[in-house]
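K.L.:
Can you read through this structure? Questions will come right after.
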Amino acid sequence: MLISSDSALIQPPIIGSQSHLDSVLEISLYTLGFEATYRVIIPAFKDRRKRLQQLAIALLPEDTYEGLQIATDRLLDQQAFATVEALKGNGAEVPHALACPPWTVYHCMSLTPELADALYEAGFRDVDGLDSNGETPLLFDLRGSPSRGSDLLNLCIWFSKKNARITQPAPKRHDNESQMMAAHWLAYRLGNFLKDLFFLEIYMEHEHSLAHLFSIAASEHIHLYWDLVIFLSSLSTFDDCLCSCSSSSGCSPFSKFMQGFIDIIEGPPSWVRIPRHVGHRERRQRIAEWMQEEFLFQHHDHVLLVSRDFIRFETFNELGLTHTCCSYDGSWISQYFRRPCETESRDTREIEHVQLQELEHLVEEFEDEFEKLGQSLPEFLEGYWKTRMAEVLDKSKPVTEEQVRRVEELGVVLRK
């Protein structure tokens, strides 16, 4: 009834704000459900945007209208807020029902592939439109709540199918924030999700709980997620940090994927009780097995590239070297990748100069042996790599507790 009486879809006090929480799509999804949103709200959006464009054509000077660069093959969306402002600036009275926020219809915290499809089919095509913070919808979702799990990844798959810009730089929210791209954020989220799936497998094995229900639901699209990993691993795009855990000057999307999966700091979901023996080694071996199962056999052009990055990342960690790349700040208030202090980063690399040289020698050796042996990645890690790393960690005297722990984590039994 309110919509049929031409009520506003946007509340005036929040039109110029930075918050997306008041999106009418959000409210409609929570209160009415998808069907009512599809039948009532989306057509109302479509009607109002058409009327707004017609009003702009009728009332704006020709040069002003052309300056808005409104596309003719889609509904007015990214430029809707600017159009309202232009009309007001030219003394036109804009009906309350045509008010627009400074973001697109896709900047919605509860957006799903189904809702996105409905919006796209209705004519809203600005999947790369920027909001008032300079974020595309893909970045907006990736930098939002980390708890959406597979829902978020399924939405990312939808955006990728619509050719959303995966290399779109994320605007910096903090002075010490690293310059990341959507690809890095997506890779990190993928790593986090697969890490949680790994812990679910362990939980199921040891607790015999209902966790298998969550695991089945989460793994329905597992092949699609690995397709994303394949695509991301092929990108030669890097952030602005400097760390030897990556083969380039900055972290690649694949490096961020590994960081998301191996990230010890975050650990398992809070509700999961993991047996004490499950640690870094188990995670490393499982991700290697997954990679082998899902795509290394099917995508031979990725085998050497991905395996080399994986081996470098794991060798770096086993040597106990310090990461000087950006680290994830996962607070609920503001999520970003924090750059380390440049002075501290430089000092750390100078202090570990000898170990970093050893890393390069080992990586070169491992790459040559991996190619020569022709083994799968899991076989190589459990064979040549594990034995060689045990020798490296055991060669220096005196042996520290930390070195003993690392050797034991490799699966080597030490004689007392």
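Naming works like this for the structure tokens: A, B, ... for the chains as they're shown, residue 1 at the start of each chain, ligands 1 onward in shown order.
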Skipping near chain neighbours, those fewer than 3 positions away, what residues fall within 6 Å of Ser345 in chain A using only C-alpha atoms, listed as a PDB file with C-alpha atoms, in the first residue's frame?
P.N.:
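around_14.pdb was written with the following content:
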```pdb
ATOM      1  CA  THR A 324      56.967  -8.704   6.860  1.00  0.00           C
ATOM      2  CA  GLU A 342      58.777   0.103   7.226  1.00  0.00           C
ATOM      3  CA  THR A 348      63.756  -7.697  10.449  1.00  0.00           C
TER       4      THR A 348
END
```
K.L.:
How would you write, as an MDAnalysis selection string, the set of residues in range 308-367 of chain A that DSSP gives as strand (DSSP E or B)?
P.N.:
chainID A and resid 327:330 335:338
K.L.:
Smallest atom-to-atom distance to Leu155 in chain A: which of A:Trp103, A:Phe313, A:Phe140, A:Tyr65, using only C-alpha atoms?
P.N.:
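Ranking A:Trp103, A:Phe313, A:Phe140, A:Tyr65 by distance to Leu155 in chain A, first place goes to A:Phe140.
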K.L.:
Which is closer to Phe34 in chain A than all the others in A:Val84, A:Ile70, A:Leu119, A:Leu76, using only C-alpha atoms?
P.N.:
A:Leu119
K.L.:
In Å, rounded to a single decimal, give me how far CA of Cys326 in chain A is from CA of Leu362 in chain A.
P.N.:
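According to the coordinates, CA of Leu362 in chain A and CA of Cys326 in chain A are separated by 24.0 Å.
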K.L.:
Please measure the separation of CA of Gln259 in chain A and CA of Leu319 in chain A, giving the value in Å to one decimal.
P.N.:
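Between CA of Gln259 in chain A and CA of Leu319 in chain A the gap is 16.1 Å.
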K.L.:
Quick one: residues within 10 Å of Thr112 in chain A, only C-alpha atoms, excluding same-chain residues fewer than 2 positions away - as a list of chain:residue names?
P.N.:
A:Phe34, A:Tyr106, A:Cys108, A:Met109, A:Ser110, A:Glu114, A:Leu115, A:Ala116, A:Asp117, A:Ala118, A:Asp151, A:Leu152, A:Asn154, A:Leu155, A:Cys156, A:Trp158
K.L.:
Determine, counting only C-alpha atoms, which protein, DNA and RNA residues have an atom within 12 Å of an atom of Gln69 in chain A; residues of the same chain fewer than 4 positions away are not included. Present the result as a PyMOL selection string.
P.N.:
chain A and resi 53+62-65+73+76-80+82-83
K.L.:
Would you give me, as a ChimeraX atom specification, the residues in range 25-210 of chain A that DSSP reads as alpha helix (DSSP H)?
P.N.:
/A:25-31,34-36,42-59,62-67,80-89,113-122,137-142,150-161,182-207
K.L.:
Between CA of Thr322 in chain A and CA of Met258 in chain A, what is the spacing in Å?
P.N.:
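Interatomic distance, CA of Met258 in chain A to CA of Thr322 in chain A: 15.5 Å.
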K.L.:
Return the single residue from A:Arg74, A:Glu66, A:Leu59, A:Glu177 that is closest to Glu93 in chain A, with distances computed using only C-alpha atoms.
P.N.:
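Counting only C-alpha atoms, the residue closest to Glu93 in chain A is A:Leu59.
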